[in-house]
Structures are given as structure tokens and as C-alpha cells.
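Participant: Provided below: upload.txt, containing compact mmCIF, C-alpha atoms.
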# COMPACT_ATOMS: atom_id res chain seq x y z
CA MET A 1 -24.74 77.53 -47.47
CA ARG A 2 -27.62 78.17 -49.88
CA LEU A 3 -26.62 78.09 -53.53
CA CYS A 4 -28.58 79.59 -56.42
CA VAL A 5 -29.53 76.33 -58.12
CA ARG A 6 -33.26 76.78 -58.58
CA GLU A 7 -32.71 79.90 -60.64
CA TRP A 8 -31.07 77.89 -63.43
CA VAL A 9 -34.50 77.15 -64.88
CA ARG A 10 -35.39 80.84 -65.14
CA PRO A 11 -34.46 83.34 -67.87
CA VAL A 12 -30.81 84.44 -67.81
CA ASP A 13 -31.59 87.96 -66.64
CA ALA A 14 -33.39 86.63 -63.56
CA ARG A 15 -31.17 83.74 -62.57
CA CYS A 16 -29.01 85.42 -59.96
CA SER A 17 -29.54 88.22 -57.56
CA PRO A 18 -26.54 90.35 -56.53
CA GLU A 19 -26.64 88.75 -53.11
CA ARG A 20 -26.51 85.15 -54.34
CA GLY A 21 -24.31 85.21 -57.40
CA ARG A 22 -23.28 87.14 -60.47
CA GLN A 23 -25.01 86.93 -63.82
CA THR A 24 -23.15 85.44 -66.79
CA THR A 25 -24.13 84.51 -70.30
CA SER A 26 -23.76 80.83 -69.45
CA GLY A 27 -25.94 80.96 -66.37
CA CYS A 28 -25.30 81.45 -62.70
CA SER A 29 -21.72 81.76 -61.49
CA LEU A 30 -21.94 80.74 -57.87
CA THR A 31 -20.32 83.02 -55.33
CA MET A 32 -19.34 81.50 -52.02
CA PRO A 33 -18.21 83.45 -48.93
CA TRP A 34 -14.50 82.79 -49.55
CA GLN A 35 -14.49 83.89 -53.22
CA SER A 36 -12.68 87.13 -52.69
CA GLY A 37 -10.23 86.47 -55.51
CA SER A 38 -7.23 87.06 -53.28
CA GLY A 39 -6.47 83.40 -52.67
CA ARG A 40 -6.00 84.18 -48.97
CA LEU A 41 -7.72 83.25 -45.79
CA ASN A 42 -10.93 85.10 -45.08
CA ARG A 43 -10.20 87.00 -41.86
CA GLN A 44 -13.41 89.03 -41.87
CA ARG A 45 -15.19 86.34 -39.93
CA PRO A 46 -14.03 84.93 -36.55
CA MET A 47 -13.10 81.26 -36.31
CA ASN A 48 -15.84 79.03 -34.87
CA TRP A 49 -14.47 75.53 -34.34
CA PHE A 50 -17.95 74.07 -33.92
CA ASP A 51 -19.47 75.49 -37.13
CA PRO A 52 -18.35 73.74 -40.36
CA HIS A 53 -19.68 76.60 -42.50
CA ALA A 54 -17.60 79.12 -40.55
CA LEU A 55 -14.51 76.91 -40.69
CA ILE A 56 -14.63 76.56 -44.48
CA ASP A 57 -15.48 80.27 -44.78
CA VAL A 58 -12.37 81.25 -42.82
CA LEU A 59 -10.18 78.72 -44.64
CA GLY A 60 -11.10 80.38 -47.92
CA THR A 61 -9.43 79.04 -51.05
CA PHE A 62 -7.36 76.75 -48.81
CA ALA A 63 -10.53 74.87 -47.80
CA VAL A 64 -9.42 71.44 -49.04
CA VAL A 65 -5.99 71.60 -47.37
CA GLY A 66 -7.56 73.14 -44.27
CA VAL A 67 -10.12 70.35 -43.96
CA ALA A 68 -7.34 67.76 -44.37
CA VAL A 69 -5.42 69.38 -41.50
CA LEU A 70 -8.51 69.60 -39.28
CA ILE A 71 -9.35 65.94 -39.94
CA PHE A 72 -5.76 65.05 -39.02
CA VAL A 73 -6.06 66.94 -35.73
CA GLU A 74 -9.44 65.38 -34.95
CA THR A 75 -8.20 61.83 -35.38
CA ALA A 76 -4.72 62.32 -33.90
CA THR A 77 -5.64 63.76 -30.52
CA ILE A 78 -8.43 63.14 -28.04
CA ILE A 79 -9.01 66.88 -27.74
CA GLY A 80 -9.67 66.92 -31.49
CA SER A 81 -13.02 65.25 -30.84
CA ILE A 82 -14.55 68.75 -30.54
CA LEU A 83 -14.15 69.26 -34.30
CA PRO A 84 -17.19 68.56 -36.55
CA GLY A 85 -15.49 66.02 -38.82
CA ASP A 86 -18.62 64.54 -40.41
CA SER A 87 -20.08 67.94 -41.23
CA LEU A 88 -16.76 69.16 -42.63
CA LEU A 89 -16.48 66.23 -45.03
CA PHE A 90 -20.08 66.54 -46.21
CA LEU A 91 -19.78 70.31 -46.63
CA LEU A 92 -16.49 69.90 -48.49
CA GLY A 93 -18.24 67.58 -50.92
CA MET A 94 -21.00 70.15 -51.43
CA THR A 95 -18.38 72.83 -52.04
CA LEU A 96 -16.58 70.73 -54.64
CA ALA A 97 -19.89 70.02 -56.38
CA THR A 98 -20.32 73.73 -57.16
CA LYS A 99 -17.06 73.67 -59.20
CA ILE A 100 -15.95 76.94 -57.57
CA THR A 101 -12.57 75.56 -56.57
CA TRP A 102 -9.84 74.22 -58.85
CA PHE A 103 -9.45 71.10 -56.71
CA PRO A 104 -10.75 67.99 -58.52
CA LEU A 105 -12.79 65.63 -56.36
CA PRO A 106 -10.30 62.69 -56.44
CA LEU A 107 -7.38 64.91 -55.37
CA ALA A 108 -9.42 66.49 -52.57
CA MET A 109 -10.47 63.05 -51.32
CA LEU A 110 -6.86 61.85 -51.44
CA LEU A 111 -5.57 64.79 -49.38
CA VAL A 112 -8.29 64.47 -46.75
CA LEU A 113 -7.84 60.69 -46.67
CA LEU A 114 -4.13 61.15 -45.97
CA GLY A 115 -5.02 63.48 -43.10
CA ALA A 116 -7.47 60.95 -41.65
CA ILE A 117 -5.10 57.98 -41.94
CA LEU A 118 -1.99 59.79 -40.68
CA GLY A 119 -3.97 61.34 -37.82
CA ALA A 120 -5.17 57.95 -36.61
CA GLN A 121 -1.64 56.56 -36.92
CA VAL A 122 -0.31 59.39 -34.76
CA GLY A 123 -3.03 58.73 -32.19
CA PHE A 124 -2.13 55.04 -32.17
CA TRP A 125 1.57 55.84 -31.75
CA LEU A 126 0.90 58.28 -28.90
CA GLY A 127 -1.22 55.71 -27.12
CA HIS A 128 1.36 52.99 -27.60
CA LYS A 129 4.34 55.17 -26.66
CA PHE A 130 3.02 57.26 -23.80
CA GLY A 131 -0.47 56.02 -22.96
CA ARG A 132 0.43 53.29 -20.53
CA ARG A 133 2.76 55.59 -18.59
CA MET A 134 0.30 58.49 -18.47
CA PHE A 135 -3.05 56.79 -18.01
CA THR A 136 -2.58 53.37 -16.46
CA LYS A 137 -1.80 54.30 -12.87
CA GLU A 138 -4.03 52.75 -10.24
CA LYS A 139 -5.40 56.17 -9.26
CA ALA A 140 -5.94 57.32 -12.85
CA TRP A 141 -9.36 58.81 -13.51
CA PHE A 142 -10.16 56.77 -16.62
CA PHE A 143 -7.30 54.73 -18.13
CA THR A 144 -6.74 52.42 -15.18
CA PRO A 145 -5.08 49.01 -15.70
CA LYS A 146 -8.54 47.45 -15.51
CA THR A 147 -9.79 49.75 -18.25
CA VAL A 148 -6.82 48.87 -20.44
CA GLU A 149 -7.52 45.15 -20.05
CA ARG A 150 -11.17 45.68 -20.95
CA THR A 151 -10.15 47.72 -23.97
CA ARG A 152 -7.73 45.01 -25.08
CA GLY A 153 -10.46 42.39 -24.76
CA PHE A 154 -12.90 44.57 -26.69
CA LEU A 155 -10.42 45.12 -29.53
CA ASP A 156 -9.49 41.43 -29.62
CA ARG A 157 -13.15 40.60 -30.05
CA TYR A 158 -14.36 43.43 -32.29
CA GLY A 159 -11.05 44.78 -33.65
CA ALA A 160 -11.89 45.04 -37.34
CA ARG A 161 -15.48 46.16 -36.92
CA ALA A 162 -14.64 48.50 -34.05
CA LEU A 163 -11.95 50.39 -35.97
CA ILE A 164 -14.07 50.70 -39.11
CA LEU A 165 -17.36 51.65 -37.45
CA ALA A 166 -15.63 54.02 -35.01
CA ARG A 167 -14.82 56.30 -37.95
CA PHE A 168 -18.51 57.16 -38.27
CA VAL A 169 -19.09 57.87 -34.58
CA PRO A 170 -18.15 61.36 -33.33
CA VAL A 171 -15.73 61.39 -30.36
CA VAL A 172 -15.20 57.61 -30.63
CA ARG A 173 -13.11 58.01 -33.79
CA ALA A 174 -10.88 60.46 -31.90
CA VAL A 175 -10.20 58.15 -28.95
CA MET A 176 -10.21 54.73 -30.64
CA PRO A 177 -6.67 55.01 -32.10
CA THR A 178 -5.29 55.98 -28.68
CA PHE A 179 -7.23 53.13 -27.06
CA ALA A 180 -5.78 50.70 -29.60
CA GLY A 181 -2.25 51.95 -28.91
CA ILE A 182 -2.62 51.70 -25.14
CA ALA A 183 -4.06 48.19 -25.47
CA ASP A 184 -1.03 47.10 -27.56
CA MET A 185 -3.06 46.20 -30.64
CA PRO A 186 -0.72 44.76 -33.32
CA ALA A 187 0.48 47.63 -35.50
CA ARG A 188 -0.06 45.77 -38.77
CA ARG A 189 -3.64 44.96 -37.82
CA PHE A 190 -4.31 48.57 -36.88
CA VAL A 191 -2.83 49.91 -40.13
CA THR A 192 -4.97 47.56 -42.21
CA PHE A 193 -8.27 48.55 -40.67
CA ASN A 194 -7.24 52.18 -40.32
CA LEU A 195 -6.89 52.27 -44.11
CA ILE A 196 -10.25 50.57 -44.66
CA GLY A 197 -12.12 52.69 -42.12
CA GLY A 198 -10.52 55.94 -43.23
CA PHE A 199 -11.31 55.25 -46.88
CA ALA A 200 -14.94 54.37 -46.14
CA TRP A 201 -15.44 57.48 -43.98
CA VAL A 202 -13.73 60.10 -46.14
CA VAL A 203 -14.85 58.84 -49.55
CA GLY A 204 -18.33 58.00 -48.28
CA LEU A 205 -19.15 61.34 -46.64
CA THR A 206 -17.34 63.57 -49.13
CA GLY A 207 -18.86 61.66 -52.04
CA LEU A 208 -22.29 61.90 -50.45
CA GLY A 209 -21.94 65.65 -50.09
CA TYR A 210 -20.72 65.91 -53.68
CA GLY A 211 -23.64 63.87 -55.00
CA LEU A 212 -26.34 65.59 -52.96
CA GLY A 213 -24.78 69.04 -52.69
CA LEU A 214 -26.82 70.72 -55.41
CA ILE A 215 -30.20 69.41 -54.26
CA PRO A 216 -32.20 72.35 -52.82
CA PHE A 217 -33.63 70.29 -49.94
CA VAL A 218 -30.15 69.22 -48.84
CA GLN A 219 -28.86 72.79 -49.02
CA ASP A 220 -31.77 74.08 -46.95
CA ASN A 221 -31.49 71.30 -44.35
CA PHE A 222 -27.73 70.68 -44.25
CA GLU A 223 -27.46 70.12 -40.48
CA ILE A 224 -30.46 67.76 -40.40
CA VAL A 225 -29.15 65.67 -43.31
CA VAL A 226 -25.72 65.28 -41.70
CA LEU A 227 -27.26 64.50 -38.30
CA VAL A 228 -29.48 61.78 -39.78
CA PHE A 229 -26.50 60.22 -41.55
CA VAL A 230 -24.35 60.33 -38.40
CA VAL A 231 -27.10 58.72 -36.31
CA LEU A 232 -27.72 55.97 -38.87
CA SER A 233 -24.02 55.25 -39.34
CA SER A 234 -23.50 55.17 -35.55
CA LEU A 235 -26.19 52.55 -34.93
CA PRO A 236 -24.29 49.40 -36.03
CA MET A 237 -21.74 49.59 -33.19
CA PRO A 238 -24.19 49.75 -30.23
CA LEU A 239 -26.53 47.28 -31.96
CA GLU A 240 -23.67 44.82 -32.40
CA LEU A 241 -22.70 45.18 -28.74
CA LEU A 242 -26.33 44.70 -27.70
CA ARG A 243 -26.63 41.59 -29.88
CA GLU A 244 -23.48 40.09 -28.38
CA ARG A 245 -24.71 40.78 -24.86
CA ILE A 246 -28.07 39.15 -25.57
CA MET A 247 -26.37 36.11 -27.08
CA ALA A 248 -24.07 35.84 -24.05
CA ARG A 249 -27.04 35.90 -21.65
CA ARG A 250 -28.80 33.19 -23.62
CA LYS A 251 -25.76 30.93 -23.39
CA ARG A 252 -25.41 31.21 -19.59
CA PRO A 253 -28.34 28.89 -18.67
CA ASP A 254 -27.02 26.29 -21.12
CA ALA A 255 -23.57 26.44 -19.54
CA SER A 256 -25.00 25.80 -16.09
Write the structure described by the file as C-alpha cells, please.
Facilitator:
Amino acid sequence: MRLCVREWVRPVDARCSPERGRQTTSGCSLTMPWQSGSGRLNRQRPMNWFDPHALIDVLGTFAVVGVAVLIFVETATIIGSILPGDSLLFLLGMTLATKITWFPLPLAMLLVLLGAILGAQVGFWLGHKFGRRMFTKEKAWFFTPKTVERTRGFLDRYGARALILARFVPVVRAVMPTFAGIADMPARRFVTFNLIGGFAWVVGLTGLGYGLGLIPFVQDNFEIVVLVFVVLSSLPMPLELLRERIMARRKRPDAS
């Protein structure tokens, strides 16, 4: 998604090429792939669930609502972990920064936040309602009774931090609500930190995309910028686990 931003400093007659925008007396009127004027989905391009640019392209003028639905699916079901949630939020912020959609930033954030929170609540409910019956058999491949007990212990120890930081870790944010439901985490506790984590994730990434979206370097290196942010935001969880393990090892000789 490369927008004609650099051309704003040039004379009006040279600001936009036909391929990148249309010339106006006030400057460059940005033209994005979904600006067909029909208000419908763009069906000229096939859906690619792994490419955030393609997803927003296909969603067309329904991009904000579409992203909210996709975020709901990602956080509600384990299979939703294949969706590029971080990239979608960042790209949505970039899209809103161009002012080419009537959606104001606060309303867009609110809709996507609702999708993220409700999705995690559904995942928690599914885990609590059906998880133990489906995944806690002795011969289960992953969710064995031993795994459930370990998960319960992990959430008892890191509950608040785990739920908040999990939002910023791909795949983990899709399975953490189900884990919490299977491990019988108190519903009120889950709701509290689901709200905090969802708010930090949605507002943080969408706001970051909105603030940096018109910077040429960010536009040219979108995937790298998102990857760097995801890596940096994913570090606290493993570092915290490593710190706890080191502290536990240091205490063992003292106990003996």
C-alpha cells in the first residue's frame, strides 16, 4: 500500500500520476484499491487470508466492519490463529490516516475493540463449556488432564500478565481464552483482563498505524515495521517466564 504522500511538496500539476491518485485543486486525492465508488465488496481480487492488504482490498468500503469481524473470528476460535490480526490492525490505522473512509478513528477503534473482546469471551465460553469434555481425555493429543492442571497453575501465577501480553503474541492470543476456559479461570477475572488486554492491543496497534501511516518509510516497509513491533511486543512473556525459572533455580539450593 504505497500512498502518494511525497508528491504533496511538488507543484499541483505534478503531484499525482494517474496510477497513484487523481489530481485536484487542493492537492492529491488518494485512491486506494477499494475506491470504486460502488460501496460494495471488491470481487476483482481473490481472497487471501494471509495477506492483510488483500483482505482489506476485498472488504472494500466495509473494511472497518470486516476487520472487526475477522478480529472476532481470530480471538474466538483456535483455527482463527491463521489470520494476520496485528497486520490488519496496523493497516487499518494506515487506511484511516488517509481520510479516504468516512469512519472516524474512535468509532473504528470501538467496533474493532468490540470484536476483539467479544471474540475472546466466546473462546473462553467454548473452553469452559465444551473444552473439558472434548480435550481432557487421557488419550487426548494435547489437552490432557495434566495439561489442564499445568495451564491452571500457569494462569493462577501469571493470570493478569498472561492475558494482557497474550494479545500481542500471534497464535497465543487465539488459544489463551480457550485455555482459560478449560482451566476454569474465574469469569470475572477473565473479563477484567480481557478488557484491558483488548484495549491495549486494538488501540495500540491501530493508533500506531494511524500515527505512522503517512510516513514514506513505513509505507515502503509495512511488513518489516509490523514484524519488528510483533517481535518486540512478544518478548515480555518469554522473558518473564525465563526470569521466573532462573529465580526458582536459585532458590532450590537455599531450600535444601
Participant: For A:Gly123, which residue out of A:Arg188, A:Arg173, A:Arg250, A:Arg243 is the nearest one, using all atoms listed in the file?
Facilitator: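 Closest candidate: A:Arg173.
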Participant: Using all atoms listed in the file, find the one residue out of A:Phe217, A:Phe179, A:Phe190, A:Phe168 that sits nearest to A:Leu89.
Facilitator: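 The shortest atom-to-atom distance to A:Leu89 comes from A:Phe168.
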Participant: Using all atoms listed in the file, pick whichever of A:Leu208, A:Pro104, A:Met176, A:Ala97 has the shortest atom-to-atom distance to A:Phe154.
Facilitator: A:Met176
Participant: As an exercise, work out the distance from atom CA of A:Arg150 to atom CA of A:Leu118 in Å and give it to one decimal place.
Facilitator: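 Going from atom CA of A:Arg150 over to atom CA of A:Leu118 covers 25.9 Å.
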Participant: Could you work out how far atom CA of A:Leu165 lies from atom CA of A:Ser233, giving the answer in Å with one decimal?
Facilitator: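 Straight-line distance from atom CA of A:Ser233 to atom CA of A:Leu165 works out to 7.8 Å.
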Participant: Please report the interatomic distance between atom CA of A:Glu74 and atom CA of A:Gly181 in Å with one decimal.
Facilitator: 16.4 Å
Participant: List as a list of chain:residue names the residues having at least one atom at most 10 Å from position (-15.5, 60.7, -51.7) as given in the file, counting all atoms listed in the file.
Facilitator: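 Taken together, the residues in range are A:Leu89, A:Phe90, A:Leu92, A:Gly93, A:Leu105, A:Pro106, A:Leu107, A:Ala108, A:Met109, A:Leu110, A:Val112, A:Leu113, A:Phe199, A:Ala200, A:Trp201, A:Val202, A:Val203, A:Gly204, A:Leu205, A:Thr206, A:Gly207, A:Leu208, A:Gly209, A:Tyr210, A:Gly211.
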Participant: Could you pull the residues within 12 Å of A:Leu235, counting all atoms listed in the file, minus those fewer than 6 positions along the same chain, as a list in words?
Facilitator: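 Once the nearby chain positions are removed, what remains is Leu165, Ala166, Phe168, Val169, Val228, Phe229, Leu241 and Leu242 of chain A.
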Participant: A:Ala63, A:Asn194, A:Pro170, A:Met247: which is nearest A:Leu91, counting all atoms listed in the file?
Facilitator: A:Ala63
Participant: Which is closest to A:Leu83 among A:Ala248, A:Leu227, A:Leu155, A:Val171, if we use all atoms listed in the file?
Facilitator: A:Val171
Participant: Show me as a ChimeraX atom specification the residues that reach within 10 Å of (-8.1, 61.2, -34.6), counting only C-alpha atoms and using the file's own coordinates.
Facilitator: /A:70-81,85,115-124,167,171-178
Participant: With distances taken over only C-alpha atoms, which residue among A:Arg245, A:Asp86, A:Val65, A:Asp184 lies nearest A:Phe103?
Facilitator: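 Smallest distance to A:Phe103 is found for A:Val65.
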